[in-house]
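So this one's work-v5.txt, compact mmCIF, C-alpha atoms:
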```txt
# COMPACT_ATOMS: atom_id res chain seq x y z
CA MET T 1 -76.79 -35.25 2.08
CA ARG T 2 -74.43 -37.12 4.34
CA TYR T 3 -72.83 -40.23 2.88
CA ASP T 4 -71.02 -42.85 4.92
CA VAL T 5 -67.80 -43.93 3.27
CA LEU T 6 -65.46 -46.88 3.77
CA VAL T 7 -62.00 -46.72 2.23
CA GLU T 8 -59.92 -49.88 2.34
CA VAL T 9 -56.20 -49.63 1.65
CA ARG T 10 -54.16 -52.75 0.99
CA LEU T 11 -50.69 -53.52 -0.30
CA ARG T 12 -50.56 -54.11 -4.02
CA PRO T 13 -50.09 -57.66 -5.24
CA GLY T 14 -46.37 -58.42 -5.32
CA ILE T 15 -45.47 -56.03 -2.48
CA ALA T 16 -44.09 -57.99 0.47
CA ASP T 17 -46.51 -58.09 3.42
CA PRO T 18 -44.41 -59.24 6.37
CA GLN T 19 -47.25 -58.60 8.85
CA GLY T 20 -49.67 -60.81 6.91
CA ALA T 21 -47.01 -63.51 6.56
CA THR T 22 -46.23 -63.44 10.29
CA ILE T 23 -49.91 -63.75 11.24
CA GLU T 24 -50.37 -66.61 8.78
CA ARG T 25 -47.37 -68.48 10.20
CA ALA T 26 -48.79 -68.13 13.73
CA LEU T 27 -52.22 -69.53 12.88
CA PRO T 28 -51.46 -73.29 13.12
CA ALA T 29 -50.01 -72.79 16.61
CA LEU T 30 -53.31 -71.18 17.62
CA GLY T 31 -55.29 -74.09 16.22
CA PHE T 32 -56.55 -72.37 13.06
CA VAL T 33 -56.14 -74.57 10.00
CA GLY T 34 -57.05 -74.14 6.35
CA ILE T 35 -56.49 -70.37 6.34
CA ALA T 36 -54.38 -68.88 3.55
CA ASP T 37 -53.59 -65.59 1.80
CA VAL T 38 -53.61 -63.44 4.96
CA SER T 39 -52.96 -59.80 4.18
CA VAL T 40 -52.94 -56.74 6.42
CA GLY T 41 -54.34 -53.39 5.36
CA LYS T 42 -56.10 -50.34 6.73
CA ALA T 43 -59.74 -49.31 6.82
CA PHE T 44 -60.95 -45.71 7.08
CA ARG T 45 -64.54 -44.74 7.83
CA PHE T 46 -65.81 -41.21 7.48
CA ALA T 47 -68.83 -39.19 6.39
CA VAL T 48 -68.96 -36.88 3.37
CA GLU T 49 -71.40 -34.03 3.03
CA ALA T 50 -72.23 -33.75 -0.67
CA ALA T 51 -75.07 -32.81 -3.03
CA SER T 52 -75.20 -36.22 -4.67
CA GLU T 53 -73.83 -39.72 -4.33
CA ALA T 54 -71.63 -39.15 -7.38
CA GLU T 55 -70.13 -36.04 -5.80
CA ALA T 56 -69.52 -37.89 -2.51
CA ALA T 57 -67.87 -40.77 -4.41
CA SER T 58 -65.67 -38.38 -6.33
CA SER T 59 -64.39 -36.51 -3.27
CA ALA T 60 -63.87 -39.73 -1.28
CA SER T 61 -61.91 -41.24 -4.19
CA LEU T 62 -59.73 -38.15 -4.43
CA LEU T 63 -59.01 -38.33 -0.70
CA ALA T 64 -58.18 -42.04 -0.99
CA GLU T 65 -55.78 -41.45 -3.87
CA ARG T 66 -54.13 -38.30 -2.58
CA LEU T 67 -53.71 -39.14 1.09
CA LEU T 68 -55.01 -42.44 2.43
CA ALA T 69 -53.09 -44.69 0.03
CA ASN T 70 -49.55 -44.40 -1.29
CA PRO T 71 -50.03 -45.46 -4.93
CA VAL T 72 -46.42 -46.69 -5.11
CA ILE T 73 -47.18 -49.61 -2.79
CA GLU T 74 -50.92 -49.59 -2.06
CA ASN T 75 -54.30 -49.98 -3.76
CA SER T 76 -57.50 -48.51 -2.41
CA THR T 77 -61.19 -49.29 -2.77
CA VAL T 78 -63.92 -46.80 -1.90
CA THR T 79 -67.30 -48.08 -0.75
CA LEU T 80 -70.40 -45.87 -0.41
CA GLY T 81 -73.44 -47.37 1.26
CA GLY T 82 -72.10 -50.89 0.70
CA VAL T 83 -71.34 -50.38 -3.02
CA VAL T 84 -67.75 -50.20 -4.31
CA VAL T 85 -67.48 -47.00 -6.32
CA ALA T 86 -63.75 -46.76 -7.03
CA ALA T 87 -60.78 -49.10 -7.06
CA ALA T 88 -57.31 -47.90 -7.95
CA ALA T 89 -54.96 -50.40 -9.59
CA GLN T 90 -51.25 -49.83 -9.95
CA PRO T 91 -48.24 -51.18 -11.93
CA VAL T 92 -46.12 -54.15 -10.92
CA PRO T 93 -43.39 -53.59 -8.27
CA ALA T 94 -39.71 -54.41 -8.72
CA GLY T 95 -37.68 -57.06 -6.96
CA MET L 1 -19.56 -16.41 3.58
CA THR L 2 -20.56 -19.70 5.02
CA ALA L 3 -23.43 -21.70 3.57
CA ARG L 4 -26.79 -21.00 5.22
CA ILE L 5 -28.73 -24.20 5.78
CA ALA L 6 -32.38 -24.62 6.81
CA VAL L 7 -33.05 -27.68 8.96
CA VAL L 8 -36.79 -28.30 8.76
CA VAL L 9 -38.63 -29.19 11.98
CA TYR L 10 -42.00 -30.95 11.90
CA PRO L 11 -43.89 -31.85 15.05
CA GLY L 12 -42.16 -35.14 15.86
CA SER L 13 -38.81 -34.49 14.16
CA ASN L 14 -36.03 -35.54 16.53
CA CYS L 15 -32.70 -35.36 14.66
CA GLU L 16 -32.76 -31.64 13.89
CA HIS L 17 -30.28 -30.65 16.61
CA ASP L 18 -27.87 -33.41 15.60
CA ALA L 19 -28.01 -32.12 12.03
CA VAL L 20 -27.40 -28.52 13.14
CA GLU L 21 -24.48 -29.62 15.33
CA ALA L 22 -22.82 -31.61 12.54
CA LEU L 23 -23.30 -28.87 9.92
CA THR L 24 -22.12 -26.14 12.30
CA GLY L 25 -19.03 -28.22 13.03
CA LEU L 26 -18.26 -28.08 9.32
CA GLY L 27 -18.48 -24.29 9.30
CA ALA L 28 -22.05 -23.82 8.06
CA THR L 29 -24.73 -21.62 9.56
CA ALA L 30 -27.60 -24.00 10.24
CA GLN L 31 -30.99 -22.81 11.46
CA LEU L 32 -34.11 -24.65 12.57
CA VAL L 33 -37.16 -23.83 10.44
CA TRP L 34 -40.64 -24.69 11.77
CA HIS L 35 -42.93 -26.67 9.45
CA GLN L 36 -45.51 -23.85 9.24
CA THR L 37 -42.94 -21.71 7.41
CA ALA L 38 -43.89 -21.36 3.76
CA ASP L 39 -40.76 -19.58 2.57
CA LEU L 40 -37.13 -20.73 2.34
CA VAL L 41 -35.75 -17.64 0.60
CA GLY L 42 -32.22 -16.80 1.74
CA TYR L 43 -31.12 -20.39 2.39
CA ASP L 44 -28.48 -22.18 0.34
CA GLY L 45 -29.48 -25.72 1.28
CA VAL L 46 -32.23 -27.62 3.08
CA VAL L 47 -32.04 -30.65 5.38
CA VAL L 48 -35.18 -32.64 6.13
CA PRO L 49 -34.04 -34.49 9.26
CA GLY L 50 -35.02 -37.77 10.86
CA GLY L 51 -37.69 -38.44 13.43
CA PHE L 52 -41.40 -39.13 13.34
CA ALA L 53 -42.99 -36.15 11.60
CA HIS L 54 -46.65 -35.85 12.63
CA GLY L 55 -46.18 -39.05 14.64
CA ASP L 56 -45.73 -41.08 11.43
CA TYR L 57 -49.52 -41.40 11.55
CA LEU L 58 -51.13 -42.92 8.47
CA ARG L 59 -47.68 -43.57 6.90
CA PRO L 60 -44.27 -41.98 7.55
CA GLY L 61 -44.24 -38.68 5.67
CA ALA L 62 -47.88 -38.88 4.55
CA ILE L 63 -49.07 -35.92 6.60
CA ALA L 64 -45.76 -34.00 6.54
CA ARG L 65 -46.28 -33.72 2.81
CA PHE L 66 -49.12 -31.27 3.52
CA SER L 67 -47.16 -29.00 5.91
CA PRO L 68 -46.56 -25.55 4.37
CA VAL L 69 -42.78 -25.97 4.52
CA THR L 70 -42.92 -29.06 2.31
CA ALA L 71 -44.30 -26.98 -0.57
CA ALA L 72 -41.45 -24.53 0.03
CA VAL L 73 -38.92 -27.40 0.01
CA SER L 74 -40.39 -28.58 -3.32
CA GLU L 75 -40.05 -25.11 -4.80
CA PHE L 76 -36.49 -24.79 -3.45
CA ALA L 77 -35.63 -28.17 -5.02
CA ARG L 78 -37.24 -27.28 -8.34
CA SER L 79 -35.09 -24.16 -8.55
CA GLY L 80 -31.99 -26.35 -8.17
CA GLY L 81 -31.30 -25.85 -4.47
CA PRO L 82 -29.60 -28.74 -2.64
CA VAL L 83 -32.02 -30.74 -0.48
CA ILE L 84 -31.20 -33.83 1.58
CA GLY L 85 -33.72 -36.00 3.38
CA ILE L 86 -32.32 -38.21 6.11
CA CYS L 87 -34.34 -41.23 7.30
CA ASN L 88 -37.82 -39.80 8.02
CA GLY L 89 -36.73 -36.94 5.75
CA PHE L 90 -36.22 -39.46 2.92
CA GLN L 91 -39.70 -40.86 3.59
CA ILE L 92 -41.14 -37.33 3.43
CA LEU L 93 -39.36 -36.56 0.14
CA THR L 94 -40.82 -39.73 -1.47
CA GLU L 95 -44.31 -38.92 -0.17
CA ALA L 96 -43.94 -35.38 -1.52
CA GLY L 97 -43.00 -36.76 -4.93
CA LEU L 98 -39.51 -35.19 -4.91
CA LEU L 99 -38.00 -38.67 -5.06
CA PRO L 100 -39.51 -41.85 -6.54
CA GLY L 101 -40.45 -45.05 -4.73
CA ALA L 102 -41.61 -45.67 -1.18
CA LEU L 103 -40.17 -46.90 2.09
CA GLN L 104 -41.94 -49.91 3.50
CA LYS L 105 -41.64 -51.77 6.78
CA ASN L 106 -38.32 -53.57 7.15
CA ARG L 107 -38.13 -57.15 6.02
CA GLY L 108 -38.21 -59.12 9.28
CA LEU L 109 -40.48 -56.56 10.98
CA THR L 110 -37.83 -55.27 13.35
CA PHE L 111 -36.82 -51.72 14.16
CA LEU L 112 -33.13 -51.47 13.25
CA CYS L 113 -30.70 -49.24 15.12
CA ARG L 114 -27.05 -49.98 14.41
CA PRO L 115 -24.09 -48.92 12.29
CA VAL L 116 -24.11 -50.40 8.77
CA GLY L 117 -21.62 -50.55 5.93
CA LEU L 118 -22.41 -48.42 2.88
CA ARG L 119 -20.78 -48.23 -0.53
CA VAL L 120 -20.73 -44.99 -2.48
CA GLU L 121 -22.14 -45.90 -5.91
CA SER L 122 -22.28 -42.54 -7.62
CA THR L 123 -20.82 -39.09 -7.04
CA ARG L 124 -23.27 -37.28 -9.29
CA SER L 125 -25.48 -36.27 -6.33
CA VAL L 126 -24.82 -33.25 -4.14
CA LEU L 127 -24.52 -35.51 -1.09
CA THR L 128 -21.89 -37.80 -2.57
CA SER L 129 -20.01 -35.18 -4.59
CA ALA L 130 -17.05 -35.09 -2.20
CA ALA L 131 -16.82 -38.89 -1.89
CA THR L 132 -15.28 -41.46 -4.25
CA VAL L 133 -17.12 -44.22 -6.10
CA GLY L 134 -16.50 -47.49 -4.26
CA GLU L 135 -15.68 -45.74 -0.98
CA LEU L 136 -16.93 -47.68 2.05
CA LEU L 137 -18.60 -45.77 4.87
CA ARG L 138 -19.80 -46.88 8.29
CA ILE L 139 -22.91 -44.92 9.30
CA PRO L 140 -25.81 -45.76 11.64
CA ILE L 141 -29.34 -46.58 10.54
CA ASN L 142 -32.31 -46.10 12.87
CA HIS L 143 -35.63 -47.04 11.26
CA PHE L 144 -38.63 -49.33 11.01
CA GLU L 145 -39.66 -48.29 7.49
CA GLY L 146 -36.45 -48.26 5.48
CA ASN L 147 -37.22 -50.98 2.97
CA PHE L 148 -37.00 -49.09 -0.33
CA THR L 149 -39.53 -50.24 -2.91
CA CYS L 150 -40.34 -49.08 -6.42
CA ASP L 151 -41.75 -50.50 -9.65
CA VAL L 152 -39.57 -52.16 -12.30
CA ALA L 153 -39.61 -49.15 -14.63
CA THR L 154 -38.48 -46.81 -11.84
CA LEU L 155 -35.68 -49.14 -10.78
CA ASP L 156 -34.46 -49.37 -14.39
CA GLN L 157 -34.54 -45.59 -14.60
CA LEU L 158 -32.63 -45.15 -11.31
CA ARG L 159 -29.95 -47.58 -12.50
CA GLY L 160 -29.80 -46.17 -16.03
CA GLU L 161 -29.45 -42.59 -14.83
CA ASP L 162 -26.86 -43.44 -12.14
CA ARG L 163 -29.21 -42.23 -9.40
CA ILE L 164 -28.55 -44.96 -6.84
CA VAL L 165 -25.96 -43.07 -4.81
CA LEU L 166 -25.50 -45.37 -1.78
CA ARG L 167 -25.96 -49.13 -1.37
CA TYR L 168 -25.86 -51.29 1.74
CA VAL L 169 -22.89 -53.65 1.81
CA ASP L 170 -25.04 -56.13 3.75
CA ASN L 171 -28.73 -55.34 3.14
CA PRO L 172 -30.35 -54.92 6.59
CA ASN L 173 -33.97 -54.16 5.66
CA GLY L 174 -34.88 -55.80 2.36
CA SER L 175 -34.49 -52.68 0.18
CA VAL L 176 -34.71 -53.47 -3.51
CA ASP L 177 -31.24 -53.63 -5.11
CA ASP L 178 -29.65 -52.90 -1.67
CA ILE L 179 -30.59 -49.23 -2.07
CA ALA L 180 -29.68 -46.99 0.87
CA GLY L 181 -29.88 -43.63 -0.93
CA ILE L 182 -31.06 -42.18 -4.24
CA CYS L 183 -31.13 -38.80 -5.94
CA ASN L 184 -33.42 -36.99 -8.36
CA GLU L 185 -32.59 -36.52 -12.04
CA ALA L 186 -30.62 -33.32 -11.44
CA GLY L 187 -28.76 -34.73 -8.42
CA ASN L 188 -29.68 -31.81 -6.15
CA VAL L 189 -32.27 -33.78 -4.13
CA VAL L 190 -31.01 -36.80 -2.20
CA GLY L 191 -32.72 -39.16 0.21
CA LEU L 192 -30.97 -41.71 2.38
CA MET L 193 -31.97 -43.90 5.32
CA PRO L 194 -28.60 -43.83 7.18
CA HIS L 195 -27.82 -40.86 9.44
CA PRO L 196 -24.60 -39.06 8.38
CA GLU L 197 -25.04 -36.56 11.24
CA ARG L 198 -24.65 -39.45 13.68
CA ALA L 199 -21.27 -40.31 12.19
CA SER L 200 -19.79 -36.83 12.43
CA ASP L 201 -17.48 -36.98 15.45
CA PRO L 202 -14.96 -39.51 16.82
CA LEU L 203 -17.01 -39.58 20.02
CA LEU L 204 -19.90 -41.07 18.03
CA GLY L 205 -17.74 -43.95 16.81
CA SER L 206 -17.42 -42.79 13.21
CA THR L 207 -16.72 -39.66 11.21
CA ASP L 208 -17.70 -41.24 7.88
CA GLY L 209 -20.79 -39.04 7.59
CA LEU L 210 -18.65 -35.92 7.23
CA VAL L 211 -17.64 -36.58 3.62
CA LEU L 212 -21.36 -36.64 2.73
CA LEU L 213 -22.26 -33.50 4.67
CA ARG L 214 -19.20 -31.73 3.26
CA GLY L 215 -20.38 -32.53 -0.28
CA PHE L 216 -23.81 -31.16 0.57
CA LEU L 217 -22.29 -27.93 1.95
CA ASP L 218 -20.03 -27.55 -1.10
CA GLY L 219 -23.15 -27.86 -3.26
CA ALA L 220 -24.96 -25.31 -1.12
CA ALA L 221 -22.04 -22.86 -1.42
CA LEU L 222 -22.12 -23.27 -5.21
CA ALA L 223 -25.89 -22.78 -5.35
CA ARG L 224 -25.85 -19.47 -3.50
```
Can you turn what I pasted into structure tokens?
Amino acid sequence: MRYDVLVEVRLRPGIADPQGATIERALPALGFVGIADVSVGKAFRFAVEAASEAEAASSASLLAERLLANPVIENSTVTLGGVVVAAAAQPVPAG
Amino acid sequence: MTARIAVVVYPGSNCEHDAVEALTGLGATAQLVWHQTADLVGYDGVVVPGGFAHGDYLRPGAIARFSPVTAAVSEFARSGGPVIGICNGFQILTEAGLLPGALQKNRGLTFLCRPVGLRVESTRSVLTSAATVGELLRIPINHFEGNFTCDVATLDQLRGEDRIVLRYVDNPNGSVDDIAGICNEAGNVVGLMPHPERASDPLLGSTDGLVLLRGFLDGAALAR
């Protein structure tokens, strides 16, 4: 079976996100009001060939943890067919 | 015999010739080693130079970690061989797990290319072994992702084990605790964002990088 996967990678809470902050600061000048908590991340879409949904979820999660996210600064969530199957949480950053 | 140094070249590395030139000037034999090489036997030290390995796609160092030579660098480091990662090389060593932490986009979102002041904080690493604690050096930085980040426990460990080897005098990029360079527990693996090879000749405006490269070569000579 072929499973469509979405992996979202975002900075962990507490890690400075200068891109998100810059976008947020620019919003009022563009006429957007009432928008807060802007953060910038990455999205990866790919297809996994696997015998079962569990197997597809497991290999996609491994890929997310080993390559797509850097666990020191980023969290990842893996979504299969619209359902979140794995979310990696990490410790609190310094400074 | 002079120390034999491997300067690793990934697709996208761009400081390898500068590193070879600086090391050769100090009497070493420095050779370029392509990233598909899986064997570093016969070398006394390894330099992972600056640049944009694999285009910095995904994250700096993220894909370089999977090049065959990176496994060889890890093995070389584990056996006690001196390894230094400069700029992109530092990013690769953190991605490969040879050094802790990560290098994030600079605070202020600007690419920085200018000489900065550094203070030698520890001489326990191979790179700083010929320098003096408190010594001030003027060496260029050239990076977008040089903002060193790590968790609280790692920072405590780096401080407690005297592994912060270089600090910025005036923090240019937002690095936690002004960190410009760190080493592993044994001191044989060092990563730094500044480019000592670009401060290796009076024509370049500074020769302050030489004391670092000399320490590295002394370590390589001892390791042979």
Using all atoms listed in the file, find each residue of chain L with at least one atom at most 10 Å away from an atom of chain T; report its shortest atom-to-atom pair and that distance in Å (one decimal), sort the rows by chain and rising residue number, and return the result as a tab-separated table.
```
residue	atom	partner	partner_atom	distance
L:Leu58	CA	T:Leu68	CA	7.2
L:Arg59	CA	T:Asn70	CA	8.4
L:Ala62	CA	T:Leu67	CA	6.8
L:Ile63	CA	T:Leu67	CA	7.9
L:Arg65	CA	T:Leu67	CA	9.4
L:Phe66	CA	T:Leu67	CA	9.4
L:Thr94	CA	T:Val72	CA	9.6
L:Glu95	CA	T:Asn70	CA	7.7
L:Pro100	CA	T:Val72	CA	8.6
L:Gly101	CA	T:Val72	CA	6.2
L:Ala102	CA	T:Val72	CA	6.3
L:Leu103	CA	T:Ile73	CA	9.0
L:Gln104	CA	T:Ile73	CA	8.2
L:Lys105	CA	T:Pro18	CA	8.0
L:Asn106	CA	T:Pro18	CA	8.4
L:Arg107	CA	T:Pro18	CA	6.6
L:Gly108	CA	T:Pro18	CA	6.8
L:Leu109	CA	T:Pro18	CA	6.6
L:Thr149	CA	T:Ala94	CA	7.2
L:Cys150	CA	T:Pro93	CA	5.8
L:Asp151	CA	T:Pro93	CA	3.8
L:Val152	CA	T:Ala94	CA	4.2
L:Ala153	CA	T:Ala94	CA	7.9
L:Thr154	CA	T:Ala94	CA	8.3
L:Leu155	CA	T:Ala94	CA	6.9
L:Asp156	CA	T:Ala94	CA	9.2
L:Gly174	CA	T:Ala16	CA	9.7
L:Ser175	CA	T:Gly95	CA	9.0
L:Val176	CA	T:Gly95	CA	5.8
L:Asp177	CA	T:Gly95	CA	7.5
```
Taking only C-alpha atoms into account, name the residue in L:Asp56, L:Glu16, L:Glu161, L:Glu145 that is nearest to Asn173 (chain L). L:Glu145
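Interatomic distance, CA of Arg138 (chain L) against CA of Ala199 (chain L): 7.8 Å.
You will find CA of Ser125 (chain L) at 26.6 Å from CA of Thr37 (chain L).
Our summary of the geometry notes that CA of His54 (chain L) is positioned 26.3 Å from CA of Gly42 (chain L).
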Please return as a ChimeraX atom specification every residue within 6 Å of (-23.4, -45.6, -6.4), taking into account only C-alpha atoms and the file's own coordinates. /L:120-122,164-166
Step by step: start from the point (-30.1, -24.4, 0.3) in the file's coordinates, keep every protein, DNA or RNA residue that has an atom no farther than 10 Å from it, count only C-alpha atoms, and write the set as a PyMOL selection string. chain L and resi 3-7+40-47+73+76-77+80-84+188+216-217+219-224
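The neighbours of Val20 (chain L) here are the residues that come within 12 Å of it, using all atoms listed in the file and leaving out any residue fewer than 4 positions away in the same chain; they are Arg4, Ile5, Ala6, Val7, Val8, Val9, Asn14, Cys15, Glu16, Thr24, Gly25, Leu26, Gly27, Ala28, Thr29, Ala30, Gln31, Leu32, Val33, Val46, Val47, Val48, Pro49, Pro196, Glu197, Arg198, Ser200 and Leu213 of chain L.
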Could you write out that same residue set with C-alpha atoms as a short mmCIF file (atom, residue, chain, number, x, y, z; two decimals), keeping the file's coordinate frame?
```cif
data_model
loop_
_atom_site.label_atom_id
_atom_site.label_comp_id
_atom_site.auth_asym_id
_atom_site.auth_seq_id
_atom_site.Cartn_x
_atom_site.Cartn_y
_atom_site.Cartn_z
CA ARG L 4 -26.79 -21.00 5.22
CA ILE L 5 -28.73 -24.20 5.78
CA ALA L 6 -32.38 -24.62 6.81
CA VAL L 7 -33.05 -27.68 8.96
CA VAL L 8 -36.79 -28.30 8.76
CA VAL L 9 -38.63 -29.19 11.98
CA ASN L 14 -36.03 -35.54 16.53
CA CYS L 15 -32.70 -35.36 14.66
CA GLU L 16 -32.76 -31.64 13.89
CA THR L 24 -22.12 -26.14 12.30
CA GLY L 25 -19.03 -28.22 13.03
CA LEU L 26 -18.26 -28.08 9.32
CA GLY L 27 -18.48 -24.29 9.30
CA ALA L 28 -22.05 -23.82 8.06
CA THR L 29 -24.73 -21.62 9.56
CA ALA L 30 -27.60 -24.00 10.24
CA GLN L 31 -30.99 -22.81 11.46
CA LEU L 32 -34.11 -24.65 12.57
CA VAL L 33 -37.16 -23.83 10.44
CA VAL L 46 -32.23 -27.62 3.08
CA VAL L 47 -32.04 -30.65 5.38
CA VAL L 48 -35.18 -32.64 6.13
CA PRO L 49 -34.04 -34.49 9.26
CA PRO L 196 -24.60 -39.06 8.38
CA GLU L 197 -25.04 -36.56 11.24
CA ARG L 198 -24.65 -39.45 13.68
CA SER L 200 -19.79 -36.83 12.43
CA LEU L 213 -22.26 -33.50 4.67
#
```
Can you list, as a short mmCIF file (atom, residue, chain, number, x, y, z; two decimals) with C-alpha atoms, keeping the file's coordinate frame, every protein, DNA or RNA residue that comes within 8 Å of Ala57 (chain T) when you count only C-alpha atoms, leaving out same-chain residues fewer than 2 positions away?
```
data_model
loop_
_atom_site.label_atom_id
_atom_site.label_comp_id
_atom_site.auth_asym_id
_atom_site.auth_seq_id
_atom_site.Cartn_x
_atom_site.Cartn_y
_atom_site.Cartn_z
CA GLU T 53 -73.83 -39.72 -4.33
CA ALA T 54 -71.63 -39.15 -7.38
CA GLU T 55 -70.13 -36.04 -5.80
CA SER T 59 -64.39 -36.51 -3.27
CA ALA T 60 -63.87 -39.73 -1.28
CA SER T 61 -61.91 -41.24 -4.19
CA VAL T 78 -63.92 -46.80 -1.90
CA LEU T 80 -70.40 -45.87 -0.41
CA VAL T 85 -67.48 -47.00 -6.32
CA ALA T 86 -63.75 -46.76 -7.03
#
```
Within 12 Å of Val83 (chain T) using all atoms listed in the file, minus same-chain residues under 6 positions, as a ChimeraX atom specification: /T:3-7,53,57,77
